[in-house]
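Trainee: Could you have a look at this structure, given as C-alpha cells, before my questions?
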Amino acid sequence: MFTDIFPKPFTSIGMVHLLPLPGAAHRHPPPLDNTIAAAVRDATVLQDVGFDGVLIENFGDAPFYGQNVPADTVSSMSVVAWEVRKAISLPIGINVLRNDALAAIAVAKATHADFIRINIHMGVYDTDQGRIEGAADETLRYRTQLGAEQVNIFTDAHVKHAQPVAPFKDIFEEIETLLYRGDSDAIILTGPATGKPADLDVLQAAREKHPQVPILIGSGVTVEQLPAIMESASGVIIGTSIKTGGKTSNPVDPDRAQEFMNTVNSAL
C-alpha cells in the first residue's frame, strides 16, 4: 500500500532525471559512469533536504521508444538505480519512458525499488511516440510472475504529452477504472506537459470522489502553488522547479529543493 511506503500526511517525491543513456538518440551520450554520478548526486541532495522519496526516469533518452525499450535501456537503468539504492535510504520509484511498464517492473524488482510510474496503464492515447495502448493485464500478471507484488503501481490519469482516444468519457471515469480495474496504488494528475501545472479544480473534484485514495500532482509544482495543492493532494512529484535555473534537464538545486521542503514542513 501507498501508506506503507509513504506514511506521512503529505509526500514529496523528487525527480532524478537521467542523462542520455547508452543507445539514446542523443548525438553524444555521456559515459554511464557520468550518468550514475549525476543521479546519485541528485538523489543524495533530495534526501539531505528532507524529501520522502525519489523517482528515477530516463528523461534524457528523448525521443522515446513508445512501449518497448531495448535491453540496453533496461540494463543501464538497473545499474543506475542500484547505485542510487546503495547511496540513499529513501523509497525509490522507476519510470521507463515512454511507457514500458514491464521494463519498469523488472528494474524495480532487480534493484529493490518500491514503486513504478506508468504513464498509460489503461485506455488508448495519441502521443508524440504514436498511439499507445495501456496494457494493465500484462503489467499486473508480470508483477505476480516476478514475485514483485510489493512494488506499488502509480498511474497517470490523462497523462501529459498525450490526448485520450478511448474509452473514457472524462478523467473521472479514467480514475475510477485505474483504481478498480487497474489495481493502481496511487493516481497521478498532471498538466498538459512537463513543467506545466495541473488543474487544481480536477484535483479537488477527484479528492471529493475518492477521499481515501492517494492522489499526487505530477507536473508543474511550484512553491507558490503548494498551499493550494496541499489542501487536496496526498503529495507531489516535483522536478523542474527544484532544478538549477528551473530547467528540467539541469541538476537539482539544493537551495531550491530546500526552499520547497521548508514550505511543505511549515504547512504540515
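To be explicit about the labels: the chains of the C-alpha cells are called A, B, and onward in the order shown, and within each one the residues are counted from 1, while ligands get numbers from 1 in the order they are shown.
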Neighbouring residues of A:Leu19 were defined as those with any atom within 8 Å, considering only C-alpha atoms; residues of the same chain fewer than 2 positions away were excluded. Please report them as an NGL selection string.
Mentor: :A and (17 or 21 or 29-30 or 35 or 38 or 58-61 or 249)
Trainee: For the interface of stretch 85-164 of chain A with stretch 212-225 of chain A (cut-off 12 Å, counting only C-alpha atoms), please tabulate each contacting residue of stretch 85-164 of chain A alongside its nearest pair of atoms and their separation in Å to one decimal, rows sorted by chain and increasing number, as a tab-separated table.
Mentor:
residue	atom	partner	partner_atom	distance
A:Arg117	CA	A:Gly218	CA	10.4
A:Ile118	CA	A:Gly218	CA	12.0
A:Asn119	CA	A:Gly218	CA	10.7
A:Asn152	CA	A:Pro214	CA	11.8
A:Ile153	CA	A:Pro214	CA	11.5
A:Phe154	CA	A:Leu216	CA	9.1
A:Thr155	CA	A:Leu216	CA	9.8
A:Asp156	CA	A:Gly218	CA	8.4
A:Ala157	CA	A:Ile215	CA	10.2
A:His158	CA	A:Gly218	CA	11.5
A:Val159	CA	A:Gly218	CA	9.3
A:Lys160	CA	A:Ser219	CA	8.4
A:His161	CA	A:Ser219	CA	11.3
Trainee: Of the residues A:Arg181, A:Lys247, A:His112, A:Lys169, which is the one nearest to A:Leu140, using only C-alpha atoms?
Mentor: A:Arg181
Trainee: Which of these, A:Asn265, A:Gly239, A:Gly93, A:Ala136, has the shortest distance to A:Pro251 once you count only C-alpha atoms?
Mentor: A:Gly239
Trainee: Contacts of A:Ala257 at 9 Å or less, counting only C-alpha atoms, minus same-chain residues fewer than 6 places along, as a ChimeraX atom specification?
Mentor: /A:14,45-46,49-51,241-243
Trainee: For the residues selected in the previous step, produce a file with C-alpha atoms as a tab-separated table (two decimals), in the first residue's frame.
Mentor:
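Full text of part.tsv as output:
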chain	number	residue	atom	x	y	z
A	14	GLY	CA	11.79	14.38	-6.13
A	45	VAL	CA	20.65	16.18	-2.37
A	46	LEU	CA	16.95	15.28	-2.27
A	49	VAL	CA	16.97	18.37	2.29
A	50	GLY	CA	14.18	16.10	3.53
A	51	PHE	CA	12.35	14.64	0.54
A	241	SER	CA	11.06	23.91	-10.27
A	242	ILE	CA	13.78	22.46	-8.00
A	243	LYS	CA	16.37	22.27	-10.78
Trainee: Going by DSSP on the backbone, which bits of stretch 142-265 of chain A are strand (DSSP E or B)? Write them as an mmCIF file with N, CA and C atoms, in the first residue's frame, please.
Mentor:
data_model
loop_
_atom_site.group_PDB
_atom_site.id
_atom_site.type_symbol
_atom_site.label_atom_id
_atom_site.label_comp_id
_atom_site.auth_asym_id
_atom_site.auth_seq_id
_atom_site.Cartn_x
_atom_site.Cartn_y
_atom_site.Cartn_z
ATOM 1 N N ASN A 152 4.646 -1.077 -5.727
ATOM 2 C CA ASN A 152 3.406 -0.335 -5.954
ATOM 3 C C ASN A 152 3.376 0.218 -7.376
ATOM 4 N N ILE A 153 2.155 0.380 -7.902
ATOM 5 C CA ILE A 153 1.964 0.920 -9.243
ATOM 6 C C ILE A 153 1.241 2.256 -9.144
ATOM 7 N N PHE A 154 1.939 3.323 -9.532
ATOM 8 C CA PHE A 154 1.362 4.662 -9.576
ATOM 9 C C PHE A 154 1.033 4.950 -11.036
ATOM 10 N N THR A 155 -0.194 5.359 -11.317
ATOM 11 C CA THR A 155 -0.623 5.536 -12.710
ATOM 12 C C THR A 155 -1.140 6.947 -12.963
ATOM 13 N N ASP A 156 -0.827 7.453 -14.149
ATOM 14 C CA ASP A 156 -1.310 8.765 -14.568
ATOM 15 C C ASP A 156 -2.730 8.666 -15.105
ATOM 16 N N ALA A 157 -3.523 9.683 -14.808
ATOM 17 C CA ALA A 157 -4.834 9.847 -15.427
ATOM 18 C C ALA A 157 -4.753 11.040 -16.367
ATOM 19 N N ALA A 162 -0.095 13.916 -24.153
ATOM 20 C CA ALA A 162 -0.939 12.875 -24.745
ATOM 21 C C ALA A 162 -2.386 13.350 -24.811
ATOM 22 N N GLN A 163 -3.124 12.755 -25.747
ATOM 23 C CA GLN A 163 -4.549 13.007 -25.865
ATOM 24 C C GLN A 163 -5.289 11.673 -25.864
ATOM 25 N N PRO A 164 -6.331 11.538 -25.027
ATOM 26 C CA PRO A 164 -7.055 10.263 -24.972
ATOM 27 C C PRO A 164 -7.840 10.002 -26.255
ATOM 28 N N VAL A 165 -7.817 8.747 -26.671
ATOM 29 C CA VAL A 165 -8.591 8.304 -27.832
ATOM 30 C C VAL A 165 -9.833 7.549 -27.373
ATOM 31 N N ALA A 166 -9.658 6.626 -26.450
ATOM 32 C CA ALA A 166 -10.755 5.792 -25.952
ATOM 33 C C ALA A 166 -10.284 5.104 -24.687
ATOM 34 N N ALA A 186 -1.804 4.403 -6.551
ATOM 35 C CA ALA A 186 -1.897 5.855 -6.448
ATOM 36 C C ALA A 186 -2.198 6.418 -7.829
ATOM 37 N N ILE A 187 -2.868 7.563 -7.842
ATOM 38 C CA ILE A 187 -3.220 8.255 -9.082
ATOM 39 C C ILE A 187 -2.376 9.526 -9.189
ATOM 40 N N ILE A 188 -1.885 9.795 -10.406
ATOM 41 C CA ILE A 188 -1.087 10.989 -10.658
ATOM 42 C C ILE A 188 -1.836 11.893 -11.626
ATOM 43 N N LEU A 189 -1.973 13.153 -11.261
ATOM 44 C CA LEU A 189 -2.589 14.162 -12.123
ATOM 45 C C LEU A 189 -1.513 15.134 -12.595
ATOM 46 N N ILE A 215 -3.633 10.574 -4.141
ATOM 47 C CA ILE A 215 -3.644 11.341 -5.381
ATOM 48 C C ILE A 215 -2.465 12.304 -5.349
ATOM 49 N N LEU A 216 -1.603 12.201 -6.350
ATOM 50 C CA LEU A 216 -0.401 13.015 -6.424
ATOM 51 C C LEU A 216 -0.493 13.994 -7.595
ATOM 52 N N ILE A 217 0.090 15.159 -7.424
ATOM 53 C CA ILE A 217 0.266 16.080 -8.541
ATOM 54 C C ILE A 217 1.657 15.828 -9.123
ATOM 55 N N GLY A 235 0.260 14.255 -2.119
ATOM 56 C CA GLY A 235 1.672 14.546 -2.294
ATOM 57 C C GLY A 235 1.945 15.063 -3.682
ATOM 58 N N VAL A 236 3.233 15.241 -3.973
ATOM 59 C CA VAL A 236 3.649 15.749 -5.272
ATOM 60 C C VAL A 236 4.853 14.968 -5.772
ATOM 61 N N ILE A 237 4.986 14.961 -7.095
ATOM 62 C CA ILE A 237 6.220 14.536 -7.748
ATOM 63 C C ILE A 237 6.758 15.779 -8.421
ATOM 64 N N ILE A 238 7.939 16.229 -8.006
ATOM 65 C CA ILE A 238 8.434 17.528 -8.433
ATOM 66 C C ILE A 238 9.825 17.404 -9.042
ATOM 67 N N LYS A 243 15.128 22.408 -10.023
ATOM 68 C CA LYS A 243 16.366 22.274 -10.778
ATOM 69 C C LYS A 243 17.060 23.635 -10.915
ATOM 70 N N VAL A 252 19.587 19.020 -9.717
ATOM 71 C CA VAL A 252 18.793 19.541 -8.600
ATOM 72 C C VAL A 252 19.575 20.657 -7.912
#
Trainee: Between A:Ala148, A:Leu268, A:Ala101, A:Ala87, which has the minimum distance to A:Glu133 (counting only C-alpha atoms)?
Mentor: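 Of A:Ala148, A:Leu268, A:Ala101, A:Ala87, the one nearest A:Glu133 is A:Ala101, counting only C-alpha atoms.
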Trainee: Smallest atom-to-atom distance to A:Thr248: which of A:Val69, A:Leu102, A:Ala193, A:Ala24, using only C-alpha atoms?
Mentor: A:Ala193
Trainee: Based on the backbone DSSP call, show me all residues of stretch 8-231 of chain A assigned helix (DSSP H, G or I), as an NGL selection string.
Mentor: :A and (32-49 or 59-61 or 71-87 or 101-111 or 136-145 or 171-180 or 200-209 or 226-230)
Trainee: Tell me, as a PyMOL selection string, which residues lie within 12 Å of A:Ala106, counting only C-alpha atoms; anything in the same chain fewer than 3 positions away does not count.
Mentor: chain A and resi 71+73-75+77-78+81+94-96+100-103+109-116+139+142-149+151
